[in-house]
Amino acid sequence: MPESSSILDGSIDGLTQSENLQFLRGDAAFNDEVFTTFNGLGPLFVATSCGSCHAGDGKGHPFTTLTRFGQSDDTGNHFLTMGGPQLPPRANPGFTPEQLPSGIPFSRFTPPANTGLGFLNAVTDEKYFGVGRSQ
């Protein structure tokens with residue numbers, strides 16, 4: 001677990017009772033719900049819970065590195081039919097975890113912090129682009 005000073009977990013001030021309840025339900029699902037084949041875990045996966053890669057609702061750590069593969073250019077990712085763009089390195093019994101196809105460009109990333117992403121829904125086009133400014 002990350003140090004407590006780097007954990008940005010918790011609701012914000014000023015939420016209504018309904019909004020706070022919605023936050024608490026989402027937070028519990030994010031951190032406490034472990035996915036299995038009985039509740040939706042597919043045959044190939046990266047992890048069995050959101051919080052296992054984003055401890056404390058923050059960014060990942062070196063043990064939770066994820067692999068993205070393919071290319072980002074104007075021709076699109078030609079490896080989507082090969083399971084791209086993210087490699088699920090784990091599999092349920094009876095299935096084989098994905099392997100990177102030979103010769104494909106790839107990068108390894110630490111899972112990004114996701115704290116505050118809910119605020120993006122609160123940003124209107126008027127706030128982002130400015131009042132009276134066209135998109």
# chains A, B, ... in the order shown; residues from 1 in each chain; ligands from 1
$ residues_around --residues "Arg90 (chain A)" --least-positions-apart "4" --cutoff "8 Å" --atoms "only C-alpha atoms" --output "PDB file with N, CA and C atoms, in the first residue's frame"
ATOM      1  N   LEU A  44      -9.668 -13.876 -19.706  1.00  0.00           N
ATOM      2  CA  LEU A  44      -8.372 -13.195 -19.651  1.00  0.00           C
ATOM      3  C   LEU A  44      -8.558 -11.891 -18.899  1.00  0.00           C
ATOM      4  N   PHE A  45      -7.587 -11.510 -18.078  1.00  0.00           N
ATOM      5  CA  PHE A  45      -7.758 -10.294 -17.287  1.00  0.00           C
ATOM      6  C   PHE A  45      -6.413  -9.741 -16.847  1.00  0.00           C
ATOM      7  N   VAL A  46      -6.445  -8.485 -16.391  1.00  0.00           N
ATOM      8  CA  VAL A  46      -5.261  -7.823 -15.865  1.00  0.00           C
ATOM      9  C   VAL A  46      -5.193  -8.025 -14.356  1.00  0.00           C
ATOM     10  N   ALA A  47      -6.323  -7.846 -13.670  1.00  0.00           N
ATOM     11  CA  ALA A  47      -6.397  -8.025 -12.218  1.00  0.00           C
ATOM     12  C   ALA A  47      -7.841  -8.362 -11.852  1.00  0.00           C
ATOM     13  N   THR A  96      -5.294 -19.690 -21.632  1.00  0.00           N
ATOM     14  CA  THR A  96      -3.895 -19.296 -21.702  1.00  0.00           C
ATOM     15  C   THR A  96      -3.794 -17.776 -21.679  1.00  0.00           C
ATOM     16  N   PRO A  97      -2.994 -17.211 -20.777  1.00  0.00           N
ATOM     17  CA  PRO A  97      -2.822 -15.749 -20.778  1.00  0.00           C
ATOM     18  C   PRO A  97      -2.280 -15.283 -22.121  1.00  0.00           C
ATOM     19  N   GLU A  98      -2.620 -14.053 -22.489  1.00  0.00           N
ATOM     20  CA  GLU A  98      -2.113 -13.512 -23.745  1.00  0.00           C
ATOM     21  C   GLU A  98      -0.614 -13.311 -23.667  1.00  0.00           C
TER      22      GLU A  98
END
$ residues_around --residues "region 65-81 of chain A" --least-positions-apart "2" --cutoff "6 Å" --atoms "only C-alpha atoms" --output "PyMOL selection string"
chain A and resi 62-63+83-87+105-110
$ residues_around --residues "region 34-42 of chain A" --least-positions-apart "4" --cutoff "8 Å" --atoms "only C-alpha atoms" --output "ChimeraX atom specification"
/A:48-49,92
$ atom_distance --atom1 "CA of Gly51 (chain A)" --atom2 "CA of Asn114 (chain A)"
10.5 Å
